[in-house]
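Have a look at the structure below, then the notes.
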Amino acid sequence: MKISRDKVDICMSRKKMTVQALADAYGVSRSRINVLLNQREVSTVAAGRLAEALGVDVTAILEE
């Protein structure tokens with residue numbers, strides 16, 4: 001699945017969330033969350049966990 005970094009950033013902004021806070025909610029280190037965000041192509045499980053950490057539906061962070 002391809003995630004949109006821009007959409008993730010928008011979701012983070014709406015929740016006033018830093019990358020570190022997202023990493024904590026996801027359960028990984030800040031460097032690992034940056035790898036996930038920069039690689040764009042992630043597994044369905046990773047996309048689901050990322051959406052859950054952001055508190056949004058997974059469709060809100062997918063590329064169109």
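Please note that chains go A, B, ... in the order of the structure tokens, that every chain numbers its residues from 1, and that ligands are numbered from 1 in the order shown.
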Non-local contacts of Arg40 (chain A) (8 Å; only C-alpha atoms; under 6 positions in same chain excluded) as a list of chain:residue names
A:Met1, A:Lys2, A:Ile3, A:Ser4, A:Arg5
Go ahead and write the selection's residues with N, CA, C and O atoms as a compact mmCIF listing (two decimals), in the first residue's frame.
```txt
# COMPACT_ATOMS: atom_id res chain seq x y z
N MET A 1 0.85 -1.17 0.00
CA MET A 1 0.00 0.00 0.00
C MET A 1 0.90 1.24 0.00
O MET A 1 1.93 1.25 0.64
N LYS A 2 0.44 2.24 -0.71
CA LYS A 2 1.19 3.48 -0.76
C LYS A 2 0.54 4.52 0.15
O LYS A 2 -0.65 4.80 0.03
N ILE A 3 1.33 5.05 1.06
CA ILE A 3 0.82 6.10 1.94
C ILE A 3 1.30 7.45 1.44
O ILE A 3 2.36 7.56 0.82
N SER A 4 0.53 8.47 1.70
CA SER A 4 0.86 9.83 1.30
C SER A 4 1.48 10.56 2.49
O SER A 4 0.82 10.75 3.51
N ARG A 5 2.72 10.96 2.33
CA ARG A 5 3.40 11.68 3.41
C ARG A 5 2.68 12.99 3.71
O ARG A 5 2.56 13.39 4.87
```
Which residues, written as a ChimeraX atom specification, have at least one atom at most 12 Å from Val35 (chain A), with only C-alpha atoms counted and residues fewer than 6 positions away on the same chain left out?
/A:5,19,23,28-29,41-42,46
What residues in chain A get the DSSP label helix (DSSP H, G or I)? Please answer as JSON, numbers by chain.
{"A": [5, 6, 7, 8, 9, 10, 11, 12, 13, 14, 19, 20, 21, 22, 23, 24, 25, 26, 30, 31, 32, 33, 34, 35, 36, 37, 38, 39, 44, 45, 46, 47, 48, 49, 50, 51, 52, 53, 54, 58, 59, 60]}
Using only C-alpha atoms, which of the listed residues (A:Asn34, A:Val8, A:Arg49, A:Gly55) sits closest to Gln20 (chain A)?
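Result for the nearest residue to Gln20 (chain A): A:Asn34.
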Computed interatomic separation between CA of Ala60 (chain A) and CA of Arg30 (chain A) (Å)
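CA of Arg30 (chain A) lies at a distance of 21.7 Å from CA of Ala60 (chain A).
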